[in-house]
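Engineer: For reference, this is input-v3.cif, and it has mmCIF, C-alpha atoms.
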data_structure
#
loop_
_atom_site.label_atom_id
_atom_site.label_comp_id
_atom_site.auth_asym_id
_atom_site.auth_seq_id
_atom_site.Cartn_x
_atom_site.Cartn_y
_atom_site.Cartn_z
CA MET A 1 -79.72 -40.49 -0.71
CA THR A 2 -81.04 -37.93 -3.17
CA GLU A 3 -83.27 -38.35 -6.19
CA ARG A 4 -81.78 -35.20 -7.72
CA SER A 5 -79.66 -35.36 -10.85
CA PRO A 6 -75.93 -34.69 -10.42
CA ALA A 7 -74.56 -31.18 -10.29
CA PRO A 8 -73.41 -29.72 -13.62
CA GLY A 9 -69.82 -29.68 -14.87
CA GLY A 10 -67.00 -29.95 -12.38
CA LEU A 11 -69.40 -29.48 -9.47
CA ALA A 12 -70.33 -33.15 -9.90
CA LEU A 13 -66.85 -34.02 -8.57
CA ILE A 14 -67.38 -31.87 -5.47
CA GLU A 15 -70.89 -33.22 -4.91
CA ALA A 16 -69.65 -36.80 -5.22
CA LEU A 17 -66.74 -36.19 -2.83
CA VAL A 18 -68.93 -34.60 -0.15
CA ASN A 19 -71.39 -37.46 -0.50
CA THR A 20 -68.77 -40.13 0.24
CA LEU A 21 -69.75 -39.89 3.90
CA ASP A 22 -73.20 -40.98 5.07
CA ILE A 23 -73.49 -39.01 8.31
CA GLU A 24 -76.50 -40.97 9.55
CA SER A 25 -74.84 -44.41 9.27
CA GLY A 26 -71.20 -43.33 9.51
CA ALA A 27 -70.33 -45.24 6.31
CA ASP A 28 -67.38 -43.61 4.55
CA ALA A 29 -66.65 -44.63 0.95
CA LEU A 30 -63.10 -43.32 1.37
CA ASP A 31 -62.48 -46.26 3.70
CA THR A 32 -62.55 -48.56 0.66
CA ALA A 33 -60.08 -48.95 -2.19
CA GLU A 34 -62.95 -48.63 -4.67
CA GLY A 35 -64.17 -45.40 -3.03
CA ARG A 36 -60.68 -43.87 -3.14
CA ALA A 37 -60.06 -45.03 -6.72
CA ARG A 38 -63.13 -43.13 -7.87
CA PHE A 39 -61.30 -39.91 -6.95
CA GLY A 40 -57.76 -41.03 -7.74
CA ILE A 41 -56.78 -40.96 -4.07
CA ALA A 42 -53.91 -43.09 -2.78
CA PRO A 43 -54.38 -44.62 0.69
CA LYS A 44 -51.84 -42.17 2.16
CA GLU A 45 -53.92 -39.22 0.82
CA THR A 46 -57.15 -40.28 2.54
CA ASP A 47 -56.81 -37.95 5.53
CA ARG A 48 -56.19 -34.93 3.25
CA ALA A 49 -59.19 -35.92 1.12
CA ARG A 50 -61.38 -36.15 4.23
CA GLU A 51 -60.18 -32.73 5.40
CA LEU A 52 -61.06 -31.31 1.97
CA ARG A 53 -64.44 -33.06 1.99
CA GLU A 54 -65.43 -31.59 5.37
CA SER A 55 -64.23 -28.11 4.41
CA LEU A 56 -66.35 -28.37 1.26
CA ARG A 57 -69.33 -29.52 3.36
CA ALA A 58 -68.96 -26.46 5.63
CA THR A 59 -68.84 -24.21 2.57
CA LEU A 60 -71.93 -25.85 1.06
CA LEU A 61 -73.76 -25.40 4.37
CA ALA A 62 -72.84 -21.71 4.19
CA HIS A 63 -74.30 -21.57 0.66
CA ALA A 64 -77.57 -22.76 2.22
CA GLY A 65 -77.36 -20.19 5.05
CA HIS A 66 -76.29 -22.59 7.80
CA PRO A 67 -73.30 -22.56 10.17
CA PRO A 68 -70.51 -25.13 9.73
CA HIS A 69 -71.22 -28.62 11.03
CA ARG A 70 -67.91 -28.52 12.92
CA ALA A 71 -64.61 -26.63 12.95
CA VAL A 72 -62.76 -27.17 9.68
CA THR A 73 -59.77 -25.79 7.82
CA PRO A 74 -61.10 -22.98 5.61
CA LEU A 75 -61.56 -24.10 2.01
CA GLY A 76 -59.53 -21.18 0.69
CA GLU A 77 -56.52 -22.35 2.70
CA LEU A 78 -56.81 -25.90 1.40
CA LEU A 79 -57.05 -24.79 -2.23
CA ALA A 80 -54.49 -21.96 -2.09
CA ALA A 81 -51.60 -24.17 -3.15
CA ALA A 82 -53.55 -26.12 -5.79
CA PRO A 83 -51.56 -25.92 -9.03
CA LEU A 84 -53.73 -24.46 -11.81
CA VAL A 85 -52.93 -23.18 -15.28
CA VAL A 86 -54.91 -21.20 -17.82
CA THR A 87 -55.61 -23.23 -20.94
CA VAL A 88 -56.70 -21.63 -24.21
CA ASP A 89 -58.39 -23.60 -26.98
CA THR A 90 -56.70 -22.77 -30.30
CA ALA A 91 -59.86 -23.52 -32.27
CA ASP A 92 -62.26 -21.12 -30.58
CA GLY A 93 -60.08 -19.13 -28.16
CA SER A 94 -62.05 -20.22 -25.09
CA ALA A 95 -60.09 -20.23 -21.86
CA ALA A 96 -60.33 -22.27 -18.68
CA LEU A 97 -58.46 -23.01 -15.49
CA ALA A 98 -57.20 -26.57 -15.33
CA PRO A 99 -55.05 -28.59 -12.93
CA ALA A 100 -51.36 -28.08 -13.70
CA GLY A 101 -49.20 -31.15 -14.19
CA THR A 102 -50.58 -33.35 -11.45
CA ARG A 103 -54.20 -34.39 -11.31
CA SER A 104 -54.38 -33.95 -7.53
CA LEU A 105 -57.82 -33.93 -5.98
CA HIS A 106 -57.22 -30.46 -4.56
CA ALA A 107 -56.30 -29.07 -8.00
CA ARG A 108 -59.34 -30.70 -9.63
CA VAL A 109 -61.61 -29.26 -6.93
CA ALA A 110 -60.02 -25.80 -7.31
CA ALA A 111 -60.56 -25.94 -11.09
CA ALA A 112 -64.20 -26.99 -10.55
CA VAL A 113 -64.77 -24.10 -8.13
CA ALA A 114 -63.22 -21.63 -10.60
CA GLU A 115 -65.33 -22.98 -13.48
CA SER A 116 -68.52 -22.76 -11.43
CA LEU A 117 -67.72 -19.20 -10.35
CA VAL A 118 -67.59 -18.17 -14.01
CA THR A 119 -70.90 -19.87 -14.79
CA GLY A 120 -72.57 -18.61 -11.59
CA ALA A 121 -73.28 -22.14 -10.39
CA TRP A 122 -71.00 -22.23 -7.32
CA THR A 123 -73.52 -20.99 -4.75
CA ARG A 124 -76.20 -23.36 -6.08
CA LEU A 125 -74.21 -26.32 -4.72
CA LYS A 126 -75.47 -26.71 -1.16
CA ALA A 127 -75.59 -29.10 1.77
CA CYS A 128 -78.89 -30.41 3.10
CA GLU A 129 -79.97 -28.62 6.25
CA ALA A 130 -80.91 -31.86 8.04
CA ALA A 131 -78.30 -32.36 10.80
CA ASP A 132 -78.26 -36.13 10.27
CA CYS A 133 -77.72 -35.72 6.52
CA HIS A 134 -75.75 -32.70 5.20
CA TRP A 135 -75.72 -34.43 1.79
CA ALA A 136 -74.53 -32.22 -1.08
CA TYR A 137 -77.03 -31.35 -3.80
CA TYR A 138 -77.34 -28.88 -6.65
CA ASP A 139 -80.25 -26.50 -6.07
CA ARG A 140 -82.16 -26.15 -9.33
CA SER A 141 -85.14 -24.36 -7.77
CA PRO A 142 -86.01 -21.12 -9.62
CA ALA A 143 -85.36 -18.92 -6.59
CA GLY A 144 -82.34 -20.92 -5.39
CA ARG A 145 -83.83 -21.47 -1.95
CA GLY A 146 -83.81 -25.27 -1.74
CA ARG A 147 -83.27 -26.63 1.76
CA TRP A 148 -83.08 -30.40 1.54
CA CYS A 149 -81.31 -32.94 -0.62
CA SER A 150 -84.58 -34.88 -0.89
CA MET A 151 -88.05 -33.52 -0.37
CA GLN A 152 -89.31 -37.10 0.05
CA VAL A 153 -86.85 -37.93 2.85
CA CYS A 154 -85.24 -34.98 4.64
CA GLY A 155 -87.94 -32.47 3.71
CA ALA A 156 -90.74 -34.80 4.78
CA ARG A 157 -89.01 -35.54 8.10
CA ALA A 158 -88.56 -31.82 8.84
CA LYS A 159 -92.18 -31.05 7.99
CA MET A 160 -93.40 -33.93 10.16
CA ARG A 161 -91.28 -32.69 13.10
CA ARG A 162 -92.76 -29.19 12.72
CA TYR A 163 -96.28 -30.59 12.52
CA ARG A 164 -95.79 -32.69 15.66
CA ALA A 165 -94.31 -29.74 17.52
CA LYS A 166 -97.44 -27.66 16.74
CA GLU A 167 -99.74 -30.42 18.01
CA GLY A 168 -97.82 -30.96 21.23
#
Once more with this new file: its structure as structure tokens, please.

Structural biologist:
Amino acid sequence: MTERSPAPGGLALIEALVNTLDIESGADALDTAEGRARFGIAPKETDRARELRESLRATLLAHAGHPPHRAVTPLGELLAAAPLVVTVDTADGSAALAPAGTRSLHARVAAAVAESLVTGAWTRLKACEAADCHWAYYDRSPAGRGRWCSMQVCGARAKMRRYRAKEG
């Protein structure tokens, strides 16, 4: 839905996961084998992936200053058991958190959140304020106050609604 470029680093995984559901049409990419394969999700893991997706969406709405779209399991609870390890590069000594052993979706998301906390990018990943959208996007605006995933679609609709409300 958005013309924005993907979020940086591991946040691209989170953005892509949140955007597997088109709220307006109800189409869910996790309903398809291809959509699940993109994230390494087995069919039996689909419900857990959806729970994670909606918890992420609620968190991204909070980043944008909006209440959750519905009651969800808190993201911290979902990621608390994600197995992570500290890796250290022998060449330059740089360190990072990485999924331990398994490449579970929860562990990959937890590692992406940790990485983005270090870089300061975490709160720039937001969800569109349009109730029929809530698409994830990375806010690259200088002040970090972006509101919509697409100025041409969601932003234009919101401005048109405000304009019509003033006329009425």

Engineer: Closest to Trp122 (chain A) among A:Arg53, A:Arg48, A:Arg140, A:Arg147, using only C-alpha atoms?

Structural biologist: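 Between A:Arg53, A:Arg48, A:Arg140, A:Arg147, the residue approaching Trp122 (chain A) most closely is A:Arg140.
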
Engineer: What residues come out when you apply the PyMOL selection byres ((chain A and resi 125-138) around 6) to this file, written as a PDB file with C-alpha atoms, keeping the file's coordinate frame?

Structural biologist:
ATOM      1  CA  ALA A   7     -74.560 -31.180 -10.290  1.00  0.00           C
ATOM      2  CA  GLU A  15     -70.890 -33.220  -4.910  1.00  0.00           C
ATOM      3  CA  ASN A  19     -71.390 -37.460  -0.500  1.00  0.00           C
ATOM      4  CA  ILE A  23     -73.490 -39.010   8.310  1.00  0.00           C
ATOM      5  CA  GLU A  24     -76.500 -40.970   9.550  1.00  0.00           C
ATOM      6  CA  LEU A  60     -71.930 -25.850   1.060  1.00  0.00           C
ATOM      7  CA  LEU A  61     -73.760 -25.400   4.370  1.00  0.00           C
ATOM      8  CA  HIS A  63     -74.300 -21.570   0.660  1.00  0.00           C
ATOM      9  CA  ALA A  64     -77.570 -22.760   2.220  1.00  0.00           C
ATOM     10  CA  TRP A 122     -71.000 -22.230  -7.320  1.00  0.00           C
ATOM     11  CA  THR A 123     -73.520 -20.990  -4.750  1.00  0.00           C
ATOM     12  CA  ARG A 124     -76.200 -23.360  -6.080  1.00  0.00           C
ATOM     13  CA  ASP A 139     -80.250 -26.500  -6.070  1.00  0.00           C
ATOM     14  CA  ARG A 147     -83.270 -26.630   1.760  1.00  0.00           C
ATOM     15  CA  TRP A 148     -83.080 -30.400   1.540  1.00  0.00           C
ATOM     16  CA  CYS A 149     -81.310 -32.940  -0.620  1.00  0.00           C
TER      17      CYS A 149
END

Engineer: I'd like to know which of A:Ala49, A:Glu54, A:Ser94, A:Gly146 is closest to Ala107 (chain A), using all atoms listed in the file.

Structural biologist: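 Of all the options, A:Ala49 lies closest to Ala107 (chain A).
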
Engineer: What do you get, as JSON, numbers by chain, if you spell out every residue that the PyMOL selection byres ((chain A and resi 36-45) around 10) selects here?

Structural biologist: {"A": [13, 16, 17, 20, 29, 30, 31, 32, 33, 34, 35, 46, 47, 48, 49, 50, 103, 104, 105, 108]}

Engineer: How many Å lie between CA of Asp28 (chain A) and CA of Leu11 (chain A), rounded to one decimal?

Structural biologist: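 Atom-to-atom, CA of Asp28 (chain A) to CA of Leu11 (chain A), that is 20.0 Å.
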
Engineer: Which residues come within 12 Å of Ala81 (chain A), counting all atoms listed in the file, excluding same-chain residues fewer than 2 positions away, as a PyMOL selection string?

Structural biologist: chain A and resi 75-79+83-84+99-100+104-107+109-110

Engineer: Go ahead and write the selection's residues with C-alpha atoms as a PDB file, keeping the file's coordinate frame.

Structural biologist:
ATOM      1  CA  LEU A  75     -61.560 -24.100   2.010  1.00  0.00           C
ATOM      2  CA  GLY A  76     -59.530 -21.180   0.690  1.00  0.00           C
ATOM      3  CA  GLU A  77     -56.520 -22.350   2.700  1.00  0.00           C
ATOM      4  CA  LEU A  78     -56.810 -25.900   1.400  1.00  0.00           C
ATOM      5  CA  LEU A  79     -57.050 -24.790  -2.230  1.00  0.00           C
ATOM      6  CA  PRO A  83     -51.560 -25.920  -9.030  1.00  0.00           C
ATOM      7  CA  LEU A  84     -53.730 -24.460 -11.810  1.00  0.00           C
ATOM      8  CA  PRO A  99     -55.050 -28.590 -12.930  1.00  0.00           C
ATOM      9  CA  ALA A 100     -51.360 -28.080 -13.700  1.00  0.00           C
ATOM     10  CA  SER A 104     -54.380 -33.950  -7.530  1.00  0.00           C
ATOM     11  CA  LEU A 105     -57.820 -33.930  -5.980  1.00  0.00           C
ATOM     12  CA  HIS A 106     -57.220 -30.460  -4.560  1.00  0.00           C
ATOM     13  CA  ALA A 107     -56.300 -29.070  -8.000  1.00  0.00           C
ATOM     14  CA  VAL A 109     -61.610 -29.260  -6.930  1.00  0.00           C
ATOM     15  CA  ALA A 110     -60.020 -25.800  -7.310  1.00  0.00           C
TER      16      ALA A 110
END

Engineer: Which distance in Å separates CA of Thr102 (chain A) and CA of Leu56 (chain A), to one decimal?

Structural biologist: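 Between CA of Thr102 (chain A) and CA of Leu56 (chain A) the gap works out to 20.9 Å.
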
Engineer: Please compute the CA of Thr59 (chain A)-CA of Ala96 (chain A) distance, one decimal, in Å.

Structural biologist: 23.0 Å

Engineer: Taking the file above as input, evaluate the PyMOL selection byres ((chain A and resi 71) around 12) and report the hits as a CSV table (one decimal) with C-alpha atoms, in the coordinates of the input.

Structural biologist:
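The result, written out as expr_9.csv:
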chain,number,residue,atom,x,y,z
A,51,GLU,CA,-60.2,-32.7,5.4
A,54,GLU,CA,-65.4,-31.6,5.4
A,55,SER,CA,-64.2,-28.1,4.4
A,56,LEU,CA,-66.4,-28.4,1.3
A,57,ARG,CA,-69.3,-29.5,3.4
A,58,ALA,CA,-69.0,-26.5,5.6
A,59,THR,CA,-68.8,-24.2,2.6
A,67,PRO,CA,-73.3,-22.6,10.2
A,68,PRO,CA,-70.5,-25.1,9.7
A,69,HIS,CA,-71.2,-28.6,11.0
A,70,ARG,CA,-67.9,-28.5,12.9
A,72,VAL,CA,-62.8,-27.2,9.7
A,73,THR,CA,-59.8,-25.8,7.8
A,74,PRO,CA,-61.1,-23.0,5.6
A,75,LEU,CA,-61.6,-24.1,2.0
